[in-house]
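Below is upload.cif, which holds mmCIF, C-alpha atoms and all ligand atoms.
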data_my_file
loop_
_atom_site.group_PDB
_atom_site.id
_atom_site.type_symbol
_atom_site.label_atom_id
_atom_site.label_comp_id
_atom_site.auth_asym_id
_atom_site.auth_seq_id
_atom_site.Cartn_x
_atom_site.Cartn_y
_atom_site.Cartn_z
ATOM 1 C CA MET A 1 -60.796 -43.818 -67.682
ATOM 2 C CA LEU A 2 -57.225 -44.917 -68.128
ATOM 3 C CA PHE A 3 -54.356 -42.489 -68.389
ATOM 4 C CA THR A 4 -50.811 -42.955 -69.553
ATOM 5 C CA ALA A 5 -47.955 -42.105 -67.204
ATOM 6 C CA ASN A 6 -47.635 -38.526 -68.485
ATOM 7 C CA GLY A 7 -51.311 -37.794 -68.130
ATOM 8 C CA TYR A 8 -52.597 -38.348 -71.672
ATOM 9 C CA LYS A 9 -55.869 -40.151 -71.909
ATOM 10 C CA LEU A 10 -55.440 -43.712 -73.035
ATOM 11 C CA ALA A 11 -57.617 -44.078 -76.109
ATOM 12 C CA ILE A 12 -58.569 -47.725 -76.341
ATOM 13 C CA VAL A 13 -59.282 -48.650 -79.950
ATOM 14 C CA LEU A 14 -62.759 -50.059 -80.249
ATOM 15 C CA LYS A 15 -65.053 -50.964 -83.084
ATOM 16 C CA SER A 16 -67.029 -48.031 -84.391
ATOM 17 C CA GLY A 17 -70.451 -47.630 -82.863
ATOM 18 C CA THR A 18 -69.363 -48.557 -79.354
ATOM 19 C CA SER A 19 -70.992 -46.317 -76.777
ATOM 20 C CA GLN A 20 -68.981 -44.149 -74.400
ATOM 21 C CA GLU A 21 -70.361 -46.143 -71.495
ATOM 22 C CA SER A 22 -69.130 -49.441 -72.919
ATOM 23 C CA VAL A 23 -65.729 -47.866 -73.690
ATOM 24 C CA THR A 24 -65.371 -47.161 -69.987
ATOM 25 C CA GLU A 25 -66.482 -50.684 -69.154
ATOM 26 C CA LYS A 26 -63.972 -52.163 -71.584
ATOM 27 C CA GLU A 27 -61.134 -50.055 -70.170
ATOM 28 C CA ALA A 28 -62.048 -51.138 -66.655
ATOM 29 C CA MET A 29 -62.183 -54.775 -67.744
ATOM 30 C CA ILE A 30 -58.747 -54.551 -69.387
ATOM 31 C CA LEU A 31 -57.219 -52.946 -66.293
ATOM 32 C CA SER A 32 -58.812 -55.609 -64.093
ATOM 33 C CA GLN A 33 -57.336 -58.413 -66.250
ATOM 34 C CA PHE A 34 -53.848 -56.882 -66.111
ATOM 35 C CA GLN A 35 -54.141 -56.402 -62.330
ATOM 36 C CA THR A 36 -55.342 -59.974 -61.692
ATOM 37 C CA VAL A 37 -52.581 -61.578 -63.758
ATOM 38 C CA GLY A 38 -49.855 -59.196 -62.546
ATOM 39 C CA ARG A 39 -50.737 -59.732 -58.888
ATOM 40 C CA ASP A 40 -50.827 -63.503 -59.315
ATOM 41 C CA LEU A 41 -47.451 -63.610 -61.100
ATOM 42 C CA PHE A 42 -45.901 -61.569 -58.287
ATOM 43 C CA THR A 43 -47.453 -63.501 -55.402
ATOM 44 C CA ARG A 44 -46.368 -66.808 -56.984
ATOM 45 C CA GLY A 45 -42.793 -65.506 -57.219
ATOM 46 C CA LEU A 46 -42.751 -65.676 -61.010
ATOM 47 C CA VAL A 47 -41.575 -62.051 -61.262
ATOM 48 C CA SER A 48 -39.588 -59.870 -58.857
ATOM 49 C CA SER A 49 -40.832 -56.478 -57.668
ATOM 50 C CA HIS A 50 -40.068 -54.646 -60.922
ATOM 51 C CA SER A 51 -39.558 -57.412 -63.500
ATOM 52 C CA GLY A 52 -41.885 -58.989 -66.069
ATOM 53 C CA ASN A 53 -44.298 -57.393 -68.506
ATOM 54 C CA LEU A 54 -47.757 -58.025 -69.982
ATOM 55 C CA SER A 55 -49.459 -56.867 -73.150
ATOM 56 C CA ILE A 56 -52.555 -57.331 -75.262
ATOM 57 C CA ARG A 57 -53.178 -56.561 -78.921
ATOM 58 C CA LEU A 58 -56.098 -54.418 -80.070
ATOM 59 C CA GLY A 59 -55.932 -54.253 -83.862
ATOM 60 C CA GLU A 60 -52.757 -52.368 -84.776
ATOM 61 C CA ARG A 61 -52.378 -51.051 -81.230
ATOM 62 C CA ILE A 62 -50.722 -52.641 -78.222
ATOM 63 C CA ILE A 63 -51.495 -52.058 -74.564
ATOM 64 C CA ILE A 64 -48.405 -52.930 -72.545
ATOM 65 C CA THR A 65 -47.216 -52.421 -69.002
ATOM 66 C CA ARG A 66 -45.174 -49.306 -68.296
ATOM 67 C CA ARG A 67 -41.378 -49.381 -68.177
ATOM 68 C CA GLY A 68 -40.273 -49.952 -64.579
ATOM 69 C CA CYS A 69 -43.747 -50.685 -63.180
ATOM 70 C CA GLN A 70 -44.545 -53.230 -60.464
ATOM 71 C CA LEU A 71 -46.729 -56.066 -61.756
ATOM 72 C CA GLY A 72 -47.895 -56.837 -58.222
ATOM 73 C CA CYS A 73 -49.712 -53.504 -57.849
ATOM 74 C CA LEU A 74 -50.630 -52.162 -61.285
ATOM 75 C CA ASP A 75 -52.876 -49.103 -61.583
ATOM 76 C CA GLU A 76 -54.296 -47.214 -64.551
ATOM 77 C CA HIS A 77 -51.062 -45.226 -64.994
ATOM 78 C CA ASP A 78 -49.154 -48.449 -65.637
ATOM 79 C CA LEU A 79 -50.938 -49.357 -68.899
ATOM 80 C CA ILE A 80 -49.396 -47.728 -71.973
ATOM 81 C CA GLU A 81 -50.994 -47.751 -75.405
ATOM 82 C CA THR A 82 -48.804 -47.416 -78.487
ATOM 83 C CA GLY A 83 -48.503 -48.799 -82.014
ATOM 84 C CA ILE A 84 -47.523 -52.338 -82.967
ATOM 85 C CA SER A 85 -45.444 -51.103 -85.883
ATOM 86 C CA LYS A 86 -45.402 -47.328 -85.357
ATOM 87 C CA ASN A 87 -43.889 -45.236 -82.582
ATOM 88 C CA ASP A 88 -45.708 -42.339 -80.979
ATOM 89 C CA ARG A 89 -45.285 -40.098 -77.927
ATOM 90 C CA ASN A 90 -46.227 -42.976 -75.591
ATOM 91 C CA THR A 91 -43.627 -45.418 -76.983
ATOM 92 C CA PRO A 92 -40.780 -44.360 -74.640
ATOM 93 C CA LEU A 93 -43.036 -45.062 -71.636
ATOM 94 C CA ALA A 94 -43.606 -48.703 -72.606
ATOM 95 C CA SER A 95 -41.835 -51.740 -71.159
ATOM 96 C CA ILE A 96 -38.238 -52.190 -72.239
ATOM 97 C CA GLU A 97 -39.344 -55.480 -73.821
ATOM 98 C CA LEU A 98 -41.710 -53.651 -76.222
ATOM 99 C CA PRO A 99 -39.627 -54.670 -79.298
ATOM 100 C CA VAL A 100 -40.077 -58.369 -78.408
ATOM 101 C CA HIS A 101 -43.843 -57.961 -77.874
ATOM 102 C CA ARG A 102 -44.163 -56.119 -81.206
ATOM 103 C CA ALA A 103 -42.189 -58.805 -83.074
ATOM 104 C CA ILE A 104 -44.323 -61.579 -81.535
ATOM 105 C CA TYR A 105 -47.572 -59.855 -82.603
ATOM 106 C CA GLN A 106 -46.183 -59.382 -86.115
ATOM 107 C CA ALA A 107 -45.089 -63.042 -86.424
ATOM 108 C CA THR A 108 -47.951 -64.891 -84.698
ATOM 109 C CA PRO A 109 -51.754 -64.661 -84.232
ATOM 110 C CA ALA A 110 -51.272 -63.960 -80.498
ATOM 111 C CA LEU A 111 -53.528 -61.393 -78.836
ATOM 112 C CA ALA A 112 -51.808 -61.481 -75.429
ATOM 113 C CA ILE A 113 -48.233 -61.919 -74.180
ATOM 114 C CA ILE A 114 -46.702 -62.501 -70.742
ATOM 115 C CA HIS A 115 -42.991 -62.225 -69.981
ATOM 116 C CA ALA A 116 -41.986 -63.580 -66.567
ATOM 117 C CA HIS A 117 -38.945 -64.904 -64.690
ATOM 118 C CA PRO A 118 -40.205 -68.237 -63.268
ATOM 119 C CA PRO A 119 -37.238 -69.411 -61.136
ATOM 120 C CA HIS A 120 -37.339 -73.186 -61.699
ATOM 121 C CA ALA A 121 -37.853 -72.707 -65.438
ATOM 122 C CA VAL A 122 -34.965 -70.205 -65.535
ATOM 123 C CA ALA A 123 -32.774 -72.724 -63.685
ATOM 124 C CA LEU A 124 -33.555 -75.431 -66.273
ATOM 125 C CA SER A 125 -32.997 -72.942 -69.106
ATOM 126 C CA LEU A 126 -29.369 -72.806 -67.970
ATOM 127 C CA THR A 127 -28.897 -76.569 -68.361
ATOM 128 C CA GLU A 128 -31.345 -77.645 -71.121
ATOM 129 C CA THR A 129 -31.841 -76.721 -74.776
ATOM 130 C CA GLU A 130 -35.465 -77.889 -74.573
ATOM 131 C CA ILE A 131 -37.705 -78.357 -71.532
ATOM 132 C CA VAL A 132 -40.012 -81.376 -71.665
ATOM 133 C CA PRO A 133 -42.374 -81.668 -68.659
ATOM 134 C CA ASN A 134 -42.438 -84.921 -66.676
ATOM 135 C CA ASP A 135 -45.991 -84.381 -65.421
ATOM 136 C CA ALA A 136 -49.195 -85.022 -67.381
ATOM 137 C CA GLU A 137 -50.635 -81.506 -67.109
ATOM 138 C CA GLY A 138 -47.393 -79.902 -68.230
ATOM 139 C CA LEU A 139 -47.168 -82.218 -71.234
ATOM 140 C CA ALA A 140 -50.775 -81.457 -72.169
ATOM 141 C CA ILE A 141 -50.612 -77.685 -71.821
ATOM 142 C CA VAL A 142 -47.073 -76.599 -72.736
ATOM 143 C CA SER A 143 -45.682 -79.770 -74.392
ATOM 144 C CA ARG A 144 -42.059 -79.226 -75.475
ATOM 145 C CA VAL A 145 -40.645 -75.806 -74.616
ATOM 146 C CA PRO A 146 -37.677 -74.540 -76.640
ATOM 147 C CA VAL A 147 -34.866 -72.715 -74.855
ATOM 148 C CA VAL A 148 -33.502 -69.995 -77.128
ATOM 149 C CA GLY A 149 -30.453 -67.807 -76.753
ATOM 150 C CA TRP A 150 -27.790 -70.403 -76.017
ATOM 151 C CA HIS A 151 -24.294 -69.083 -76.800
ATOM 152 C CA MET A 152 -25.691 -65.559 -77.199
ATOM 153 C CA LYS A 153 -25.302 -62.620 -74.890
ATOM 154 C CA VAL A 154 -28.677 -62.271 -73.133
ATOM 155 C CA LYS A 155 -29.699 -58.659 -72.599
ATOM 156 C CA LEU A 156 -32.959 -56.851 -71.919
ATOM 157 C CA GLY A 157 -34.891 -56.313 -75.125
ATOM 158 C CA GLY A 158 -32.547 -58.627 -77.010
ATOM 159 C CA MET A 159 -33.221 -61.648 -79.213
ATOM 160 C CA VAL A 160 -36.354 -60.102 -80.620
ATOM 161 C CA ASN A 161 -36.737 -62.191 -83.755
ATOM 162 C CA ILE A 162 -35.506 -65.467 -82.264
ATOM 163 C CA VAL A 163 -38.235 -65.380 -79.609
ATOM 164 C CA ALA A 164 -40.929 -64.376 -82.126
ATOM 165 C CA GLN A 165 -39.977 -67.168 -84.540
ATOM 166 C CA ALA A 166 -39.897 -69.786 -81.750
ATOM 167 C CA LEU A 167 -43.425 -68.779 -80.713
ATOM 168 C CA LYS A 168 -44.722 -69.758 -84.148
ATOM 169 C CA GLN A 169 -44.222 -73.387 -83.048
ATOM 170 C CA SER A 170 -44.824 -73.199 -79.300
ATOM 171 C CA ARG A 171 -47.160 -71.379 -76.887
ATOM 172 C CA ILE A 172 -44.276 -70.610 -74.539
ATOM 173 C CA VAL A 173 -40.505 -70.329 -74.914
ATOM 174 C CA MET A 174 -37.671 -69.814 -72.467
ATOM 175 C CA VAL A 175 -34.799 -67.416 -73.049
ATOM 176 C CA HIS A 176 -31.559 -68.984 -71.750
ATOM 177 C CA GLY A 177 -30.821 -67.660 -68.273
ATOM 178 C CA HIS A 178 -33.527 -64.987 -68.456
ATOM 179 C CA GLY A 179 -37.226 -65.840 -68.524
ATOM 180 C CA SER A 180 -40.346 -66.970 -70.343
ATOM 181 C CA PHE A 181 -42.470 -65.497 -73.132
ATOM 182 C CA ALA A 182 -45.966 -67.008 -73.330
ATOM 183 C CA ILE A 183 -48.727 -66.196 -75.817
ATOM 184 C CA GLY A 184 -52.482 -66.692 -76.010
ATOM 185 C CA GLN A 185 -55.712 -65.210 -77.256
ATOM 186 C CA LEU A 186 -56.266 -63.898 -73.722
ATOM 187 C CA LEU A 187 -53.878 -62.926 -70.922
ATOM 188 C CA GLU A 188 -55.441 -65.792 -68.966
ATOM 189 C CA GLU A 189 -54.192 -68.337 -71.533
ATOM 190 C CA ALA A 190 -50.631 -67.001 -71.464
ATOM 191 C CA HIS A 191 -50.846 -66.947 -67.665
ATOM 192 C CA ASN A 192 -51.923 -70.599 -67.616
ATOM 193 C CA CYS A 193 -48.937 -71.568 -69.802
ATOM 194 C CA THR A 194 -46.537 -69.628 -67.564
ATOM 195 C CA THR A 195 -47.753 -71.106 -64.267
ATOM 196 C CA THR A 196 -48.015 -74.621 -65.740
ATOM 197 C CA LEU A 197 -44.461 -74.489 -67.088
ATOM 198 C CA GLU A 198 -43.111 -73.307 -63.736
ATOM 199 C CA GLU A 199 -44.968 -76.066 -61.877
ATOM 200 C CA SER A 200 -43.586 -78.671 -64.308
ATOM 201 C CA CYS A 201 -40.075 -77.298 -63.911
ATOM 202 C CA GLN A 202 -40.451 -77.425 -60.121
ATOM 203 C CA VAL A 203 -41.351 -81.130 -60.413
ATOM 204 C CA THR A 204 -38.370 -81.724 -62.715
ATOM 205 C CA CYS A 205 -36.015 -79.966 -60.279
ATOM 206 C CA LEU A 206 -37.418 -82.087 -57.408
ATOM 207 C CA LEU A 207 -36.871 -85.251 -59.460
ATOM 208 C CA LYS A 208 -33.310 -84.213 -60.212
ATOM 209 C CA SER A 209 -32.631 -83.568 -56.504
ATOM 210 C CA LEU A 210 -34.076 -86.982 -55.551
ATOM 211 C CA ARG A 211 -31.827 -88.680 -58.091
ATOM 212 C CA VAL A 212 -28.788 -86.863 -56.673
ATOM 213 C CA THR A 213 -29.708 -87.981 -53.143
ATOM 214 C CA SER A 214 -30.254 -91.558 -54.305
ATOM 215 C CA ALA A 215 -26.974 -91.687 -56.196
ATOM 216 C CA THR A 216 -24.954 -90.601 -53.160
ATOM 217 C CA LYS A 217 -26.199 -93.435 -50.903
HETATM 218 ZN ZN ZN A 301 -37.049 -60.240 -68.307
#

Starting from the file, lay out its structure as structure tokens.
Amino acid sequence: MLFTANGYKLAIVLKSGTSQESVTEKEAMILSQFQTVGRDLFTRGLVSSHSGNLSIRLGERIIITRRGCQLGCLDEHDLIETGISKNDRNTPLASIELPVHRAIYQATPALAIIHAHPPHAVALSLTETEIVPNDAEGLAIVSRVPVVGWHMKVKLGGMVNIVAQALKQSRIVMVHGHGSFAIGQLLEEAHNCTTTLEESCQVTCLLKSLRVTSATK
């Protein structure tokens, strides 16, 4: 079973009639999905040791990574369940980006969200107002990626509504000088958008460096 950081049992909301055995299986499956995605984001360098956050929506509840946790080595204590629109005793334990995750779930049909700090995408977010991939896969999967937060003070947990509104039109957005927010029906979909965007931005940065080299000859 999963437990929140202060020892309360995490009560996953399931449809009525689900057996106790399948509840345990579902909890284990959810933890496994968070661990797989969190570990991959960390090993790819898309989050630092303590940055980034993941969540999924279960009805009017949200399961989100714990404030200050390490995505590279999540355990059952790092998954916090709280309300999408209501606070409870677990709310203070949730990621500092909880307000953004809540606003995204309220504004879009998303069932999963990933916030990461992909370095090449963050670099381009400091020079572009929109990121358009040069490679075919990037164009197919993430298309045009808005960069929000220009001329605004970027702070943790900030720009809640701007990010949520931008995700009505796009599967992934960049916050200027900060990081990405990707949505999907599954964590895997949001993960695919995040890694694809970073790969596209790496290609764009390589192209820009080649052009600089060429121009100086
Ligand atoms: Zn961040």

Determine, for each residue of range 177-216 of chain A having at least one atom at most 12 Å from an atom of range 122-132 of chain A, the closest pair of atoms and their separation in Å to one decimal, counting all atoms listed in the file; order by chain and ascending number, as a Markdown table.
| residue | atom | partner | partner_atom | distance |
| --- | --- | --- | --- | --- |
| A:Gly177 | CA | A:Leu126 | CA | 5.4 |
| A:His178 | CA | A:Val122 | CA | 6.2 |
| A:Gly179 | CA | A:Val122 | CA | 5.8 |
| A:Ser180 | CA | A:Val122 | CA | 7.9 |
| A:Phe181 | CA | A:Val122 | CA | 11.7 |
| A:Thr194 | CA | A:Val122 | CA | 11.8 |
| A:Leu197 | CA | A:Ile131 | CA | 9.0 |
| A:Glu198 | CA | A:Val122 | CA | 8.9 |
| A:Ser200 | CA | A:Val132 | CA | 8.6 |
| A:Cys201 | CA | A:Leu124 | CA | 7.2 |
| A:Gln202 | CA | A:Leu124 | CA | 9.5 |
| A:Val203 | CA | A:Leu124 | CA | 11.3 |
| A:Thr204 | CA | A:Leu124 | CA | 8.7 |
| A:Cys205 | CA | A:Leu124 | CA | 7.9 |
| A:Leu206 | CA | A:Leu124 | CA | 11.7 |
| A:Lys208 | CA | A:Leu124 | CA | 10.7 |

Who sits within 12 Å of Arg102 in chain A, all atoms listed in the file, same chain under 2 positions skipped, as a VMD selection string: chain A and resid 54 to 57 60 to 64 82 to 87 91 94 to 100 104 to 113 157 160 to 161 163 to 164

Nearest to ligand ZN 301 (chain A) by atom-to-atom distance, counting all atoms listed in the file, from A:Val175, A:Val37, A:Cys193, A:Leu167: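 Of all the options, A:Val175 lies closest to ligand ZN 301 (chain A).
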
Just say which residues the PyMOL selection byres (((not hetatm)) within 7 of (chain A and resi 301)) picks in this file, as a PDB file with C-alpha atoms, in the frame of the given file.
ATOM      1  CA  SER A  51     -39.558 -57.412 -63.500  1.00  0.00           C
ATOM      2  CA  GLY A  52     -41.885 -58.989 -66.069  1.00  0.00           C
ATOM      3  CA  HIS A 115     -42.991 -62.225 -69.981  1.00  0.00           C
ATOM      4  CA  ALA A 116     -41.986 -63.580 -66.567  1.00  0.00           C
ATOM      5  CA  HIS A 117     -38.945 -64.904 -64.690  1.00  0.00           C
ATOM      6  CA  LEU A 156     -32.959 -56.851 -71.919  1.00  0.00           C
ATOM      7  CA  HIS A 178     -33.527 -64.987 -68.456  1.00  0.00           C
ATOM      8  CA  GLY A 179     -37.226 -65.840 -68.524  1.00  0.00           C
TER       9      GLY A 179
END

Just give me the residues with any atom within 12 Å of (-44.2, -65.3, -58.9), file coordinates, counting all atoms listed in the file, written as a ChimeraX atom specification. /A:37-52,71-72,115-121,179,191,194-195,198-199

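One finds CA of Ala140 in chain A at 28.7 Å from CA of Leu58 in chain A.
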
Separation of CA of Ile114 in chain A and CA of Trp150 in chain A, in Å?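 That distance, rounded to one decimal, is 21.2 Å.
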
Write range 34-53 of chain A as a PDB file, in the coordinates of the input, completed to N, CA and C atoms.
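File result.pdb, as written:
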ATOM      1  N   PHE A  34     -55.279 -57.114 -66.346  1.00  0.00           N
ATOM      2  CA  PHE A  34     -53.848 -56.882 -66.111  1.00  0.00           C
ATOM      3  C   PHE A  34     -53.535 -56.992 -64.610  1.00  0.00           C
ATOM      4  N   GLN A  35     -54.394 -56.389 -63.775  1.00  0.00           N
ATOM      5  CA  GLN A  35     -54.141 -56.402 -62.330  1.00  0.00           C
ATOM      6  C   GLN A  35     -54.189 -57.826 -61.769  1.00  0.00           C
ATOM      7  N   THR A  36     -55.189 -58.604 -62.200  1.00  0.00           N
ATOM      8  CA  THR A  36     -55.342 -59.974 -61.692  1.00  0.00           C
ATOM      9  C   THR A  36     -54.129 -60.823 -62.039  1.00  0.00           C
ATOM     10  N   VAL A  37     -53.713 -60.761 -63.313  1.00  0.00           N
ATOM     11  CA  VAL A  37     -52.581 -61.578 -63.758  1.00  0.00           C
ATOM     12  C   VAL A  37     -51.279 -61.070 -63.128  1.00  0.00           C
ATOM     13  N   GLY A  38     -51.084 -59.759 -63.116  1.00  0.00           N
ATOM     14  CA  GLY A  38     -49.855 -59.196 -62.546  1.00  0.00           C
ATOM     15  C   GLY A  38     -49.691 -59.540 -61.081  1.00  0.00           C
ATOM     16  N   ARG A  39     -50.778 -59.421 -60.318  1.00  0.00           N
ATOM     17  CA  ARG A  39     -50.737 -59.732 -58.888  1.00  0.00           C
ATOM     18  C   ARG A  39     -50.429 -61.207 -58.672  1.00  0.00           C
ATOM     19  N   ASP A  40     -51.041 -62.066 -59.479  1.00  0.00           N
ATOM     20  CA  ASP A  40     -50.827 -63.503 -59.315  1.00  0.00           C
ATOM     21  C   ASP A  40     -49.386 -63.883 -59.667  1.00  0.00           C
ATOM     22  N   LEU A  41     -48.849 -63.318 -60.735  1.00  0.00           N
ATOM     23  CA  LEU A  41     -47.451 -63.610 -61.100  1.00  0.00           C
ATOM     24  C   LEU A  41     -46.512 -63.211 -59.965  1.00  0.00           C
ATOM     25  N   PHE A  42     -46.782 -62.035 -59.358  1.00  0.00           N
ATOM     26  CA  PHE A  42     -45.901 -61.569 -58.287  1.00  0.00           C
ATOM     27  C   PHE A  42     -46.040 -62.433 -57.032  1.00  0.00           C
ATOM     28  N   THR A  43     -47.266 -62.734 -56.648  1.00  0.00           N
ATOM     29  CA  THR A  43     -47.453 -63.501 -55.402  1.00  0.00           C
ATOM     30  C   THR A  43     -46.956 -64.937 -55.551  1.00  0.00           C
ATOM     31  N   ARG A  44     -46.935 -65.471 -56.760  1.00  0.00           N
ATOM     32  CA  ARG A  44     -46.368 -66.808 -56.984  1.00  0.00           C
ATOM     33  C   ARG A  44     -44.845 -66.786 -57.089  1.00  0.00           C
ATOM     34  N   GLY A  45     -44.246 -65.594 -57.094  1.00  0.00           N
ATOM     35  CA  GLY A  45     -42.793 -65.506 -57.219  1.00  0.00           C
ATOM     36  C   GLY A  45     -42.298 -65.727 -58.636  1.00  0.00           C
ATOM     37  N   LEU A  46     -43.148 -65.482 -59.618  1.00  0.00           N
ATOM     38  CA  LEU A  46     -42.751 -65.676 -61.010  1.00  0.00           C
ATOM     39  C   LEU A  46     -42.162 -64.407 -61.631  1.00  0.00           C
ATOM     40  N   VAL A  47     -42.275 -63.293 -60.905  1.00  0.00           N
ATOM     41  CA  VAL A  47     -41.575 -62.051 -61.262  1.00  0.00           C
ATOM     42  C   VAL A  47     -41.086 -61.424 -59.960  1.00  0.00           C
ATOM     43  N   SER A  48     -40.031 -60.616 -60.037  1.00  0.00           N
ATOM     44  CA  SER A  48     -39.588 -59.870 -58.857  1.00  0.00           C
ATOM     45  C   SER A  48     -40.360 -58.551 -58.797  1.00  0.00           C
ATOM     46  N   SER A  49     -40.007 -57.676 -57.874  1.00  0.00           N
ATOM     47  CA  SER A  49     -40.832 -56.478 -57.668  1.00  0.00           C
ATOM     48  C   SER A  49     -41.021 -55.651 -58.941  1.00  0.00           C
ATOM     49  N   HIS A  50     -39.975 -55.518 -59.751  1.00  0.00           N
ATOM     50  CA  HIS A  50     -40.068 -54.646 -60.922  1.00  0.00           C
ATOM     51  C   HIS A  50     -39.822 -55.371 -62.245  1.00  0.00           C
ATOM     52  N   SER A  51     -39.828 -56.701 -62.238  1.00  0.00           N
ATOM     53  CA  SER A  51     -39.558 -57.412 -63.500  1.00  0.00           C
ATOM     54  C   SER A  51     -40.856 -57.924 -64.124  1.00  0.00           C
ATOM     55  N   GLY A  52     -40.738 -58.426 -65.348  1.00  0.00           N
ATOM     56  CA  GLY A  52     -41.885 -58.989 -66.069  1.00  0.00           C
ATOM     57  C   GLY A  52     -42.687 -57.913 -66.773  1.00  0.00           C
ATOM     58  N   ASN A  53     -43.435 -58.331 -67.786  1.00  0.00           N
ATOM     59  CA  ASN A  53     -44.298 -57.393 -68.506  1.00  0.00           C
ATOM     60  C   ASN A  53     -45.422 -58.150 -69.192  1.00  0.00           C
TER      61      ASN A  53
END
